[in-house]
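Q: Pasting in a structure now, in structure tokens, and then I'll have a few things to ask.
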Amino acid sequence: MGRDGYTVSEAFSFCLNGTQVSVAGVDPNTTLLAWLRRRGLTGTKESCAEGECGACAVAVVVARLDGRSAYQTVNSCLVLLPDVAGGEVWTVEGVGGASGLHPVQEMMVAHGGSQCGYCTPGFVMSLFAYYYAEPRPAATTALAGNLCRCTGYRPILDGASELPRPAASDEFLRRLARAAPAPAPLRYAAGAARFDRPTELVEALALRAAYPEATILQGGTDLAVTHNQERAQFPHLIALGAVPELRAIEATADHVWIGAGVTWAEAEEQLGDRVAMFAELARLFASPLIRARATVGGNLMTASPVGDAAPVLLALDAEVELASASAKRMVPLDGFFTGYRRTLLRPDELLTAVRLPAVAPTASRFYKVSKRELDDISSVSAAVAVWLERGRIARVRLAFGGVAATPVRATAAETELVGRRLDAEALRNGQRALAASFQPISDVRASAAYRAAMLPSLLAKFWADCGGAVTS
């Protein structure tokens, strides 16, 4: 029994390829990928260990926001094993069935979509989820998180475009007619490590109060990379993915509330039409496999100076809700980051929600400068939002990542632009103020000179993209 008064279990179970399996005595820091391979399910491959290649892809059954069940592909290298307790997982070994190959596997054979075969299981699992998706996304979107170095993507994409709709008798399609497993509370320990998964916010806050030293798991796409690549071990993890209050999105007349546990896939689906920069951000935010797990709150809590979400939310005047077992407080995001990888969150608090003003900017853009267009860490990112009144700038927000120890606004340049039109003179004045606002550093992603050059360039890009459109 822990200091919170609850009894801790030494085992849990979940459904794997249609069969219930029990887990006991396994370190909670173990990834789903590592456990699968130890069990002999070696079709699921280990490669990058950071969610960039898709070789470790598996499918899980989840409840969509509309209540329907769906197969969702995730990177098993970024999922800690206890986080699938009570859930349903499918690997490449499980999709063929006793009757032979799955239609997706048959397609890969027929179109020559496999050569060395290392990446093939990941492609199969992403296409498995795509095969049953309703509506189906573009095949290129479905496969965006899977890398191939042998055959290239053309035969795979050609085959995907020819996949028929599932037959009514398809056993996997029939499975989706039933509800997805609902996560149950979990208190699991093995050896000296413990894993808690509350299912109510009050329970999560009580755990945080009782164990302020515990590590919070919110999505895990950053934390699991730390575990995989630095061999980091977490003595006590509190996972928040099963707390429904943290998964809610609510729009009122004055604000848009986004639960800290809302994934970026959900944010894109629910808010892409309402918050324009979310649609731009989501396309550039990692891969679909990562967006299925990565959360709004988790991205902010990393406090990374190159995190994708912070500049967008800073430009939208976001506030964050911080809660403890005894109180809540709202804090402007502009004051939330206190230093490199540091925030003003207290040890007994959780970040529970993000609040945005309902009034959308007249024009806004998110720009990400990186060595690859997609699925990369930015060298510099910029979010620009402008509110116009009678053709002049009534309010402007210029937020940047990668130019300081924290994501940051260029307040001096904002002040310089208020009251002006979106014309060439205002751009020149804004660029001068912006250039004087930061002294970037050099690192492996970009030199200080390159970053400094990007700042006025990105402001000019916003003027070119939006200036004529909003003043004509």
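Chain labels follow the order of the structure tokens: the first chain is A, the next B, and so on; residue numbering restarts at 1 in every chain, and ligands are counted from 1 in their shown order.
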Please build the interface table for range 116-211 of chain A against range 281-304 of chain A with a cut-off of 8 Å, listing for each qualifying residue the nearest atom pair and the distance in Å to one decimal; count only C-alpha atoms, order rows by chain and increasing number, and write it as JSON lines.

A:
{"residue": "A:Thr141", "atom": "CA", "partner": "A:Pro288", "partner_atom": "CA", "distance": 7.5}
{"residue": "A:Ala142", "atom": "CA", "partner": "A:Pro288", "partner_atom": "CA", "distance": 7.2}
{"residue": "A:Ala144", "atom": "CA", "partner": "A:Ser287", "partner_atom": "CA", "distance": 6.0}
{"residue": "A:Gly145", "atom": "CA", "partner": "A:Ser287", "partner_atom": "CA", "distance": 4.9}

Q: Could you take the residues named above and write them with N, CA, C and O atoms, as a JSON list (two decimals), in the first residue's frame?

A:
[["chain", "number", "residue", "atom", "x", "y", "z"],
["A", 141, "THR", "N", -0.80, 10.51, -46.36],
["A", 141, "THR", "CA", -0.97, 10.92, -44.97],
["A", 141, "THR", "C", -0.88, 9.73, -44.04],
["A", 141, "THR", "O", -0.22, 9.78, -42.99],
["A", 142, "ALA", "N", -1.54, 8.65, -44.40],
["A", 142, "ALA", "CA", -1.54, 7.46, -43.55],
["A", 142, "ALA", "C", -0.15, 6.88, -43.36],
["A", 142, "ALA", "O", 0.16, 6.29, -42.32],
["A", 144, "ALA", "N", 2.75, 8.66, -43.55],
["A", 144, "ALA", "CA", 3.73, 9.74, -43.35],
["A", 144, "ALA", "C", 4.77, 9.41, -42.29],
["A", 144, "ALA", "O", 5.86, 9.96, -42.30],
["A", 145, "GLY", "N", 4.46, 8.52, -41.35],
["A", 145, "GLY", "CA", 5.43, 8.20, -40.31],
["A", 145, "GLY", "C", 6.23, 6.95, -40.57],
["A", 145, "GLY", "O", 6.95, 6.48, -39.68]]

Q: Near range 368-380 of chain A, within 12 Å and counting only C-alpha atoms, which residues show up once chain neighbours fewer than 4 positions away are dropped, as an MDAnalysis selection string?

A: chainID A and resid 50:54 141 144:147 277 280:291 304:309 311:312 384 399:404 407:408 440:458 461

Q: Find the spatial neighbours of Asp196 in chain A, counting only C-alpha atoms, within a cut-off of 8 Å - ignore same-chain residues fewer than 6 positions away - and output them as a ChimeraX atom specification.

A: /A:185-188,236-239

Q: Taking only C-alpha atoms into account, produce a table as a tab-separated table in which each residue of range 189-235 of chain A with an atom at most 9 Å from an atom of range 28-35 of chain A appears once, together with its shortest atom pair and the distance in Å to one decimal, ordered by chain and rising number.

A:
residue	atom	partner	partner_atom	distance
A:Ala189	CA	A:Pro28	CA	7.1
A:Ala190	CA	A:Pro28	CA	6.9
A:Ala193	CA	A:Pro28	CA	6.4
A:Arg194	CA	A:Pro28	CA	6.5
A:Phe195	CA	A:Pro28	CA	6.1
A:Ala224	CA	A:Thr31	CA	8.0
A:His227	CA	A:Asn29	CA	7.8
A:Asn228	CA	A:Thr31	CA	8.6
A:Ala232	CA	A:Asn29	CA	8.8
A:Gln233	CA	A:Asn29	CA	6.5
A:Phe234	CA	A:Asn29	CA	6.7
A:Pro235	CA	A:Asn29	CA	8.4

Q: I'd like the neighbourhood of range 38-48 of chain A as a ChimeraX atom specification, where a residue qualifies if any of its atoms comes within 12 Å (using only C-alpha atoms), though same-chain residues fewer than 3 positions away should be ignored.

A: /A:16-17,21-23,26,30-35,51-59,74-78,90-95,117-125,146-148,225,228-229

Q: Could you write out that same residue set with N, CA and C atoms as a short mmCIF file (atom, residue, chain, number, x, y, z; two decimals), in the first residue's frame?

A:
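Generated output (result-v1.cif):
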data_model
loop_
_atom_site.label_atom_id
_atom_site.label_comp_id
_atom_site.auth_asym_id
_atom_site.auth_seq_id
_atom_site.Cartn_x
_atom_site.Cartn_y
_atom_site.Cartn_z
N LEU A 16 -3.97 -8.94 -26.69
CA LEU A 16 -2.92 -8.90 -27.70
C LEU A 16 -3.29 -9.85 -28.83
N ASN A 17 -3.50 -9.30 -30.00
CA ASN A 17 -3.85 -10.11 -31.18
C ASN A 17 -5.03 -11.03 -30.90
N VAL A 21 -3.63 -11.44 -22.40
CA VAL A 21 -2.32 -11.81 -21.88
C VAL A 21 -2.12 -11.11 -20.55
N SER A 22 -1.38 -11.75 -19.67
CA SER A 22 -1.11 -11.20 -18.35
C SER A 22 0.35 -10.76 -18.28
N VAL A 23 0.57 -9.65 -17.59
CA VAL A 23 1.91 -9.12 -17.38
C VAL A 23 2.16 -9.05 -15.88
N VAL A 26 7.13 -7.11 -14.61
CA VAL A 26 7.85 -6.40 -15.66
C VAL A 26 8.02 -4.94 -15.24
N THR A 30 9.53 -0.47 -19.07
CA THR A 30 9.66 -1.27 -20.28
C THR A 30 8.72 -0.75 -21.36
N THR A 31 9.23 -0.60 -22.57
CA THR A 31 8.36 -0.17 -23.67
C THR A 31 7.57 -1.36 -24.21
N LEU A 32 6.45 -1.04 -24.84
CA LEU A 32 5.65 -2.09 -25.48
C LEU A 32 6.48 -2.82 -26.53
N LEU A 33 7.30 -2.10 -27.27
CA LEU A 33 8.15 -2.71 -28.30
C LEU A 33 9.09 -3.74 -27.68
N ALA A 34 9.78 -3.35 -26.62
CA ALA A 34 10.74 -4.27 -26.00
C ALA A 34 10.03 -5.53 -25.50
N TRP A 35 8.87 -5.36 -24.90
CA TRP A 35 8.14 -6.51 -24.36
C TRP A 35 7.67 -7.43 -25.49
N GLY A 51 10.60 7.27 -32.68
CA GLY A 51 9.33 7.51 -33.35
C GLY A 51 9.41 8.14 -34.71
N GLU A 52 10.57 8.07 -35.37
CA GLU A 52 10.71 8.72 -36.67
C GLU A 52 10.56 7.78 -37.85
N CYS A 53 10.70 6.46 -37.63
CA CYS A 53 10.78 5.56 -38.79
C CYS A 53 9.54 4.70 -38.99
N GLY A 54 8.77 4.43 -37.94
CA GLY A 54 7.57 3.62 -38.08
C GLY A 54 7.80 2.13 -38.13
N ALA A 55 9.05 1.66 -37.98
CA ALA A 55 9.31 0.22 -38.04
C ALA A 55 8.65 -0.52 -36.88
N CYS A 56 8.39 0.20 -35.80
CA CYS A 56 7.81 -0.42 -34.61
C CYS A 56 6.30 -0.25 -34.53
N ALA A 57 5.65 0.16 -35.61
CA ALA A 57 4.22 0.49 -35.56
C ALA A 57 3.36 -0.71 -35.21
N VAL A 58 2.42 -0.47 -34.32
CA VAL A 58 1.37 -1.43 -33.99
C VAL A 58 0.04 -0.68 -34.02
N ALA A 59 -1.05 -1.42 -34.01
CA ALA A 59 -2.38 -0.79 -33.99
C ALA A 59 -3.04 -1.03 -32.65
N VAL A 74 0.31 3.43 -33.68
CA VAL A 74 1.19 4.17 -32.79
C VAL A 74 2.58 3.54 -32.85
N ASN A 75 3.57 4.31 -32.40
CA ASN A 75 4.94 3.81 -32.29
C ASN A 75 5.08 3.04 -30.99
N SER A 76 5.27 1.74 -31.06
CA SER A 76 5.37 0.97 -29.83
C SER A 76 6.64 1.26 -29.05
N CYS A 77 7.64 1.88 -29.69
CA CYS A 77 8.86 2.26 -28.97
C CYS A 77 8.61 3.44 -28.05
N LEU A 78 7.49 4.14 -28.22
CA LEU A 78 7.18 5.32 -27.41
C LEU A 78 6.02 5.08 -26.45
N TRP A 90 -2.76 -4.82 -31.63
CA TRP A 90 -2.58 -5.74 -32.76
C TRP A 90 -1.21 -5.51 -33.37
N THR A 91 -0.48 -6.61 -33.61
CA THR A 91 0.82 -6.54 -34.28
C THR A 91 0.70 -7.19 -35.66
N VAL A 92 1.78 -7.12 -36.41
CA VAL A 92 1.75 -7.65 -37.77
C VAL A 92 1.48 -9.15 -37.77
N GLU A 93 1.89 -9.86 -36.70
CA GLU A 93 1.64 -11.29 -36.63
C GLU A 93 0.15 -11.60 -36.46
N GLY A 94 -0.61 -10.66 -35.92
CA GLY A 94 -2.01 -10.92 -35.62
C GLY A 94 -2.99 -10.55 -36.71
N VAL A 95 -2.55 -9.82 -37.75
CA VAL A 95 -3.53 -9.33 -38.72
C VAL A 95 -3.79 -10.31 -39.86
N GLY A 117 12.64 -5.90 -46.25
CA GLY A 117 11.56 -6.31 -45.36
C GLY A 117 11.59 -5.70 -43.98
N TYR A 118 12.63 -4.95 -43.65
CA TYR A 118 12.73 -4.44 -42.28
C TYR A 118 11.60 -3.47 -41.95
N CYS A 119 11.28 -2.59 -42.89
CA CYS A 119 10.24 -1.59 -42.65
C CYS A 119 8.84 -2.12 -42.93
N THR A 120 8.75 -3.27 -43.60
CA THR A 120 7.47 -3.76 -44.10
C THR A 120 6.40 -3.92 -43.02
N PRO A 121 6.72 -4.53 -41.86
CA PRO A 121 5.67 -4.68 -40.84
C PRO A 121 5.07 -3.35 -40.41
N GLY A 122 5.90 -2.30 -40.31
CA GLY A 122 5.36 -1.00 -39.94
C GLY A 122 4.43 -0.45 -41.00
N PHE A 123 4.80 -0.60 -42.26
CA PHE A 123 3.92 -0.18 -43.35
C PHE A 123 2.61 -0.95 -43.31
N VAL A 124 2.70 -2.25 -43.07
CA VAL A 124 1.49 -3.07 -43.02
C VAL A 124 0.55 -2.57 -41.92
N MET A 125 1.10 -2.24 -40.76
CA MET A 125 0.24 -1.82 -39.66
C MET A 125 -0.36 -0.44 -39.90
N ASN A 146 6.17 6.40 -41.78
CA ASN A 146 6.88 5.17 -42.11
C ASN A 146 7.95 5.45 -43.16
N LEU A 147 9.17 5.03 -42.88
CA LEU A 147 10.29 5.26 -43.79
C LEU A 147 10.72 3.96 -44.45
N CYS A 148 11.05 4.06 -45.75
CA CYS A 148 11.55 2.93 -46.53
C CYS A 148 12.82 3.36 -47.25
N VAL A 225 11.49 8.79 -25.44
CA VAL A 225 12.75 8.98 -26.15
C VAL A 225 13.90 9.12 -25.15
N ASN A 228 14.62 5.69 -23.94
CA ASN A 228 15.24 4.82 -24.93
C ASN A 228 16.69 5.20 -25.21
N GLN A 229 16.95 6.49 -25.34
CA GLN A 229 18.26 6.92 -25.80
C GLN A 229 19.22 7.26 -24.68
#

Q: I'd like to know which of A:Pro103, A:Val262, A:Val61, A:Arg231 is closest to Gln218 in chain A, using only C-alpha atoms.

A: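 Of all the options, A:Val262 lies closest to Gln218 in chain A.
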
Q: In range 90-295 of chain A, what's strand (DSSP E) per DSSP? Answer as a list of chain:residue names?

A: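 These are the residues in question: A:Trp90, A:Leu186, A:Arg187, A:Tyr188, A:Ala189, A:Ala190, A:Ala193, A:Arg194, A:Phe195, A:Asp196, A:Arg197, A:Thr215, A:Ile216, A:Leu217, A:His236, A:Leu237, A:Ile238, A:Ala239, A:Ile249, A:Glu250, A:Ala251, A:His255, A:Val256, A:Trp257, A:Ile258, A:Gly259.
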
Q: Atoms to include: C-alpha atoms. Write the selected residues as a PDB file, in the first residue's frame.

A:
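File written: result-v4.pdb
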ATOM      1  CA  TRP A  90      -2.585  -5.741 -32.759  1.00  0.00           C
ATOM      2  CA  LEU A 186      -4.194   1.073 -12.632  1.00  0.00           C
ATOM      3  CA  ARG A 187      -1.790   0.951  -9.711  1.00  0.00           C
ATOM      4  CA  TYR A 188       1.048  -1.320 -10.735  1.00  0.00           C
ATOM      5  CA  ALA A 189       4.500  -1.945  -9.291  1.00  0.00           C
ATOM      6  CA  ALA A 190       7.398  -4.219 -10.135  1.00  0.00           C
ATOM      7  CA  ALA A 193       9.288   1.065  -9.823  1.00  0.00           C
ATOM      8  CA  ARG A 194       5.622   2.051  -9.793  1.00  0.00           C
ATOM      9  CA  PHE A 195       3.089   3.099 -12.438  1.00  0.00           C
ATOM     10  CA  ASP A 196      -0.206   4.848 -11.594  1.00  0.00           C
ATOM     11  CA  ARG A 197      -2.963   5.535 -14.117  1.00  0.00           C
ATOM     12  CA  THR A 215       7.269  11.786 -13.178  1.00  0.00           C
ATOM     13  CA  ILE A 216       4.147  12.778 -15.115  1.00  0.00           C
ATOM     14  CA  LEU A 217       3.430  10.799 -18.277  1.00  0.00           C
ATOM     15  CA  HIS A 236       7.392   6.414 -10.204  1.00  0.00           C
ATOM     16  CA  LEU A 237       5.221   7.363 -13.188  1.00  0.00           C
ATOM     17  CA  ILE A 238       1.755   8.934 -13.052  1.00  0.00           C
ATOM     18  CA  ALA A 239       0.068   8.495 -16.445  1.00  0.00           C
ATOM     19  CA  ILE A 249     -12.426  20.382 -25.847  1.00  0.00           C
ATOM     20  CA  GLU A 250     -15.039  23.053 -25.127  1.00  0.00           C
ATOM     21  CA  ALA A 251     -15.916  26.231 -26.996  1.00  0.00           C
ATOM     22  CA  HIS A 255     -12.977  31.083 -24.927  1.00  0.00           C
ATOM     23  CA  VAL A 256     -11.837  27.781 -26.380  1.00  0.00           C
ATOM     24  CA  TRP A 257     -10.782  25.321 -23.664  1.00  0.00           C
ATOM     25  CA  ILE A 258      -8.389  22.528 -24.629  1.00  0.00           C
ATOM     26  CA  GLY A 259      -7.697  19.783 -22.115  1.00  0.00           C
TER      27      GLY A 259
END

Q: Considering only C-alpha atoms, can you say which of A:Ile393, A:Ala267, A:Leu314, A:Leu351 comes closest to Leu333 in chain A?

A: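 Nearest to Leu333 in chain A: A:Leu314.
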
Q: Near Leu322 in chain A, counting only C-alpha atoms, which residues have an atom at most 7 Å away, once you skip same-chain residues fewer than 5 positions from it, shown as a count of residues only?

A: 7

Q: Write out as number ranges by chain each polymer residue whose atoms come within 8 Å of range 158-172 of chain A, counting only C-alpha atoms; drop sequence neighbours fewer than 2 positions from it.

A: A: 103-104, 107-108, 111, 127, 131-132, 139, 154-156, 174-176

Q: From the set A:Arg392, A:Asp465, A:Leu345, A:Asp27, which residue has the shortest atom-to-atom contact distance to Ser324 in chain A, counting only C-alpha atoms?

A: A:Leu345

Q: Which of range 163-353 of chain A counts as alpha helix (DSSP H) under DSSP, as JSON, numbers by chain please?

A: {"A": [171, 172, 173, 174, 175, 201, 202, 203, 204, 205, 206, 207, 208, 209, 210, 223, 224, 225, 226, 227, 228, 229, 230, 264, 265, 266, 267, 268, 269, 270, 271, 276, 277, 278, 279, 280, 281, 282, 283, 284, 288, 289, 290, 291, 296, 297, 298, 299, 300, 301, 309, 310, 311, 312, 313, 314, 315]}

Q: Which polymer residues have any atom within 9 Å of an atom of Cys466 in chain A, counting only C-alpha atoms, with same-chain residues fewer than 5 positions away left out, as an NGL selection string?

A: :A and (363-365 or 422 or 461 or 471)

Q: Just to be explicit: take each residue in the selection above, keep C-alpha atoms, and write the result as a JSON list (two decimals), in the first residue's frame.

A:
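The file below, selection.json, is the result:
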[["chain", "number", "residue", "atom", "x", "y", "z"],
["A", 363, "ALA", "CA", -4.68, 36.98, -40.13],
["A", 364, "SER", "CA", -2.23, 34.44, -38.74],
["A", 365, "ARG", "CA", 0.51, 32.11, -39.89],
["A", 422, "LEU", "CA", 0.34, 46.26, -43.11],
["A", 461, "LYS", "CA", 6.97, 36.20, -45.42],
["A", 471, "THR", "CA", -5.94, 45.09, -46.62]]

Q: Restricting the calculation to only C-alpha atoms: of A:Ser437, A:Leu36, A:Trp387, A:Arg428, which residue gets closest to Ala410 in chain A?

A: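 Comparing A:Ser437, A:Leu36, A:Trp387, A:Arg428 against Ala410 in chain A, the winner is A:Ser437.
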
Q: Quote the spacing between CA of Leu398 in chain A and CA of Gly467 in chain A in Å to one decimal place.

A: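 Distance reported for this atom pair: 15.2 Å.
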
Q: From the set A:Pro137, A:Pro357, A:Gly18, A:Pro347, which residue has the shortest atom-to-atom contact distance to Arg208 in chain A, counting only C-alpha atoms?

A: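 Using only C-alpha atoms, the shortest distance to Arg208 in chain A belongs to A:Pro347.
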